[in-house]
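Everything below concerns the one structure shown next.
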Amino acid sequence: MNNTEKVLRETSENIARLGHESGRVFHGRGKCFPGFENINIEKFNDDLLIALFPGWQNESFQLDAFQNALNTLISTTSGRVLTHFRDQQPCTVQNQQGDPVSEQVEILEDGIRYLVEYGENRNLGFFSDIKTGRRWVRDHAAEKRVLNLFSYTSSFSLAALSGGARFCANVDMSAAVISRGEHNHRLNGIEQRRYGHFKYNILKSWKKIAQKGPYDLVIVDPPSFQRGSFIASKDYGKVSGRLASMLSDDADILFCLNDPFVTEEVFREIIEASGPYVFCSRLENDSAIKELDGNGLKVLHYRNVNSPVAVHTRP
């Protein structure tokens, strides 16, 4: 079996596993499939969307032939094979004829509705790779007051509220993504009294954020690098350090980072040097997110040091 056949088999198996729901069906960026290291494939409803990252032109596959092969996997549906050129500016989504596609699509993950936007943006409004993080939050959010930092389009908030959270405060500095987060909450019929969206520069707004606490569950999911606002290597410790004063005694924290240049060991050192946090576990990624070295997406569960069930261990 050649590399292309292995990729198609992996994709087909993940399509079948998802059924009518949406998610990642191929993760080439994990470097487990030689010749396909700069592409991912998303399933949004019946559409397959190929995300092309810088360097994909040097890969061993031919895009036209690969698109045609993917078409055979969805031939019994009304789905399309689309391509998202993330190596260009603007980052257009195109159909197989090369025409730009600009539309909003409602998708489903674990019974929760989200809006995805095909267009010219680098990100489409939904990060499928952190699915197990959302599931963990849903399963641990009952009756908790939740803080969702760098909330983007608020997928963690939807997971927390579907799991019975009392309230979720969503904080991001982008008005556009806050608006999308509001839309996602309305899409799921969530009462407005159960959540709030706050347009704050997180590093400069700690007093305002603290007023909504204390928090029983916190999610920190920043971009690894955002010019002018956040650089993970420099700013992550500042964020984790300031959180300590606004947590309940047994608070859970999910610290997330998708930066292949920061190892888990270094990431843990940053967190543990910044506050009274005790490591519990690293969440496993979804089965579709295969990683060669484990340095991709890292979702670490910590607890406040006062929690009696936290266990401080290093692998």
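Chain lettering (A, B, ...) mirrors the order of the structure tokens, residue numbering begins at 1 for each chain separately, and ligand numbering begins at 1 in order of display.
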
Per residue of range 220-280 of chain A within 12 Å of range 137-148 of chain A, what are the shortest atom pair and its distance in Å to one decimal, counting only C-alpha atoms, with rows by chain and residue number, as CSV?
```
residue,atom,partner,partner_atom,distance
A:Val220,CA,A:Asn148,CA,6.5
A:Asp221,CA,A:Asn148,CA,8.1
A:Pro222,CA,A:Asn148,CA,10.3
A:Leu243,CA,A:Leu147,CA,10.1
A:Met246,CA,A:Leu147,CA,10.0
A:Leu247,CA,A:Leu147,CA,9.7
A:Ser248,CA,A:Arg145,CA,9.4
A:Asp250,CA,A:Lys144,CA,10.9
A:Ala251,CA,A:Lys144,CA,9.2
A:Asp252,CA,A:His140,CA,8.8
A:Ile253,CA,A:Leu147,CA,9.4
A:Leu254,CA,A:Val137,CA,8.6
A:Phe255,CA,A:Asn148,CA,10.8
A:Cys256,CA,A:Asn148,CA,11.5
```

Which residues are near range 186-193 of chain A? Cut-off 12 Å, only C-alpha atoms, ignore same chain within fewer than 6 positions. Put them as a PDB file with C-alpha atoms, in the first residue's frame.
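Final output, around.pdb:
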```
ATOM      1  CA  GLU A 106     -23.944  24.817  10.392  1.00  0.00           C
ATOM      2  CA  ILE A 107     -22.153  21.703  11.680  1.00  0.00           C
ATOM      3  CA  LEU A 108     -22.649  19.272  14.542  1.00  0.00           C
ATOM      4  CA  GLU A 109     -20.174  17.869  17.068  1.00  0.00           C
ATOM      5  CA  GLY A 111     -24.872  17.078  19.475  1.00  0.00           C
ATOM      6  CA  ILE A 112     -23.787  20.747  19.693  1.00  0.00           C
ATOM      7  CA  ARG A 113     -24.264  23.116  16.750  1.00  0.00           C
ATOM      8  CA  TYR A 114     -21.490  25.389  15.503  1.00  0.00           C
ATOM      9  CA  LEU A 115     -21.218  27.813  12.610  1.00  0.00           C
ATOM     10  CA  SER A 154     -16.898  29.949  22.401  1.00  0.00           C
ATOM     11  CA  SER A 155     -16.915  26.225  21.687  1.00  0.00           C
ATOM     12  CA  SER A 157     -18.546  27.528  26.631  1.00  0.00           C
ATOM     13  CA  LEU A 158     -21.080  25.509  24.641  1.00  0.00           C
ATOM     14  CA  ALA A 159     -19.506  22.290  25.919  1.00  0.00           C
ATOM     15  CA  ALA A 160     -19.549  23.524  29.531  1.00  0.00           C
ATOM     16  CA  LEU A 161     -23.148  24.718  29.387  1.00  0.00           C
ATOM     17  CA  SER A 162     -24.306  21.495  27.728  1.00  0.00           C
ATOM     18  CA  GLY A 164     -24.681  21.708  33.220  1.00  0.00           C
ATOM     19  CA  ALA A 165     -22.381  24.624  34.091  1.00  0.00           C
ATOM     20  CA  ARG A 166     -24.098  27.387  36.094  1.00  0.00           C
ATOM     21  CA  PHE A 167     -22.387  30.193  34.179  1.00  0.00           C
ATOM     22  CA  CYS A 168     -19.587  30.641  31.655  1.00  0.00           C
ATOM     23  CA  ALA A 169     -17.637  33.884  31.149  1.00  0.00           C
ATOM     24  CA  SER A 179     -20.177  37.978  17.776  1.00  0.00           C
ATOM     25  CA  ARG A 180     -19.769  34.484  16.344  1.00  0.00           C
TER      26      ARG A 180
END
```

### Message
Between CA of Arg135 in chain A and CA of Ala175 in chain A, what distance in Å does the model show, to one decimal?
### Response
26.2 Å

### Task
With a distance cut-off of 12 Å and only C-alpha atoms, select the neighbouring residues of Glu264 in chain A, excluding the residue or stretch itself and same-chain residues fewer than 6 positions from it, and output the selection as number ranges by chain.
A: 255-258, 270-271, 279, 281-283, 293-300, 314-315

Next, the residues of the selection above should be written as an mmCIF file, in the first residue's frame with N, CA and C atoms.
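Contents of selection_7.cif, as written:
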```cif
data_model
loop_
_atom_site.group_PDB
_atom_site.id
_atom_site.type_symbol
_atom_site.label_atom_id
_atom_site.label_comp_id
_atom_site.auth_asym_id
_atom_site.auth_seq_id
_atom_site.Cartn_x
_atom_site.Cartn_y
_atom_site.Cartn_z
ATOM 1 N N PHE A 255 -5.026 23.846 30.653
ATOM 2 C CA PHE A 255 -4.057 24.682 29.960
ATOM 3 C C PHE A 255 -3.785 24.054 28.594
ATOM 4 N N CYS A 256 -4.049 24.803 27.537
ATOM 5 C CA CYS A 256 -3.932 24.276 26.177
ATOM 6 C C CYS A 256 -2.868 25.048 25.401
ATOM 7 N N LEU A 257 -2.150 24.341 24.551
ATOM 8 C CA LEU A 257 -1.157 24.991 23.702
ATOM 9 C C LEU A 257 -0.916 24.133 22.467
ATOM 10 N N ASN A 258 -1.024 24.766 21.298
ATOM 11 C CA ASN A 258 -0.771 24.057 20.041
ATOM 12 C C ASN A 258 0.443 24.699 19.375
ATOM 13 N N ILE A 270 6.594 26.017 32.661
ATOM 14 C CA ILE A 270 6.036 27.371 32.633
ATOM 15 C C ILE A 270 4.850 27.473 33.584
ATOM 16 N N ILE A 271 3.954 26.502 33.522
ATOM 17 C CA ILE A 271 2.747 26.535 34.352
ATOM 18 C C ILE A 271 3.096 26.384 35.830
ATOM 19 N N PHE A 279 -0.292 19.132 38.711
ATOM 20 C CA PHE A 279 -0.569 18.388 37.477
ATOM 21 C C PHE A 279 -1.403 17.148 37.762
ATOM 22 N N SER A 281 -3.170 15.336 34.622
ATOM 23 C CA SER A 281 -3.017 14.466 33.457
ATOM 24 C C SER A 281 -2.921 15.295 32.187
ATOM 25 N N ARG A 282 -2.436 14.665 31.158
ATOM 26 C CA ARG A 282 -2.533 15.225 29.807
ATOM 27 C C ARG A 282 -3.653 14.504 29.088
ATOM 28 N N LEU A 283 -4.600 15.252 28.551
ATOM 29 C CA LEU A 283 -5.708 14.644 27.840
ATOM 30 C C LEU A 283 -5.218 14.047 26.526
ATOM 31 N N ASP A 293 5.573 12.901 17.519
ATOM 32 C CA ASP A 293 6.410 13.200 18.672
ATOM 33 C C ASP A 293 5.659 13.755 19.872
ATOM 34 N N GLY A 294 4.364 13.962 19.772
ATOM 35 C CA GLY A 294 3.599 14.459 20.907
ATOM 36 C C GLY A 294 3.771 15.937 21.200
ATOM 37 N N ASN A 295 4.433 16.676 20.310
ATOM 38 C CA ASN A 295 4.686 18.096 20.550
ATOM 39 C C ASN A 295 3.658 19.014 19.900
ATOM 40 N N GLY A 296 2.605 18.444 19.330
ATOM 41 C CA GLY A 296 1.567 19.256 18.715
ATOM 42 C C GLY A 296 0.626 19.807 19.776
ATOM 43 N N LEU A 297 -0.652 19.518 19.629
ATOM 44 C CA LEU A 297 -1.647 20.014 20.584
ATOM 45 C C LEU A 297 -1.431 19.372 21.949
ATOM 46 N N LYS A 298 -1.320 20.225 22.969
ATOM 47 C CA LYS A 298 -1.142 19.766 24.353
ATOM 48 C C LYS A 298 -2.275 20.344 25.200
ATOM 49 N N VAL A 299 -3.054 19.471 25.827
ATOM 50 C CA VAL A 299 -4.142 19.891 26.715
ATOM 51 C C VAL A 299 -3.860 19.265 28.078
ATOM 52 N N LEU A 300 -3.452 20.097 29.040
ATOM 53 C CA LEU A 300 -3.012 19.624 30.349
ATOM 54 C C LEU A 300 -4.049 19.989 31.410
ATOM 55 N N ARG A 314 5.383 13.337 37.471
ATOM 56 C CA ARG A 314 5.965 13.586 36.150
ATOM 57 C C ARG A 314 6.193 12.240 35.476
ATOM 58 N N PRO A 315 5.903 12.209 34.181
ATOM 59 C CA PRO A 315 6.104 10.931 33.478
ATOM 60 C C PRO A 315 7.575 10.556 33.419
#
```

### Message
I need the residues of range 149-313 of chain A that end up classed as strand (DSSP E) by DSSP on the backbone, written out as a VMD selection string.
### Response
chain A and resid 149 167 to 172 195 to 199 215 to 220 225 to 226 230 to 231 247 to 258 277 to 282 297 to 304

### Query
Would you give me, as a PyMOL selection string, the residues in range 234-268 of chain A that DSSP reads as helix (DSSP H, G or I)?
chain A and resi 234-246+264-268

### Query
What is the CA of Phe85 in chain A to CA of Met1 in chain A distance in Å?
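These atoms are spaced 28.1 Å apart.
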
### Separation of CA of Glu59 in chain A from CA of Asp87 in chain A in Å
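Calculated distance between CA of Asp87 in chain A and CA of Glu59 in chain A is 13.7 Å.
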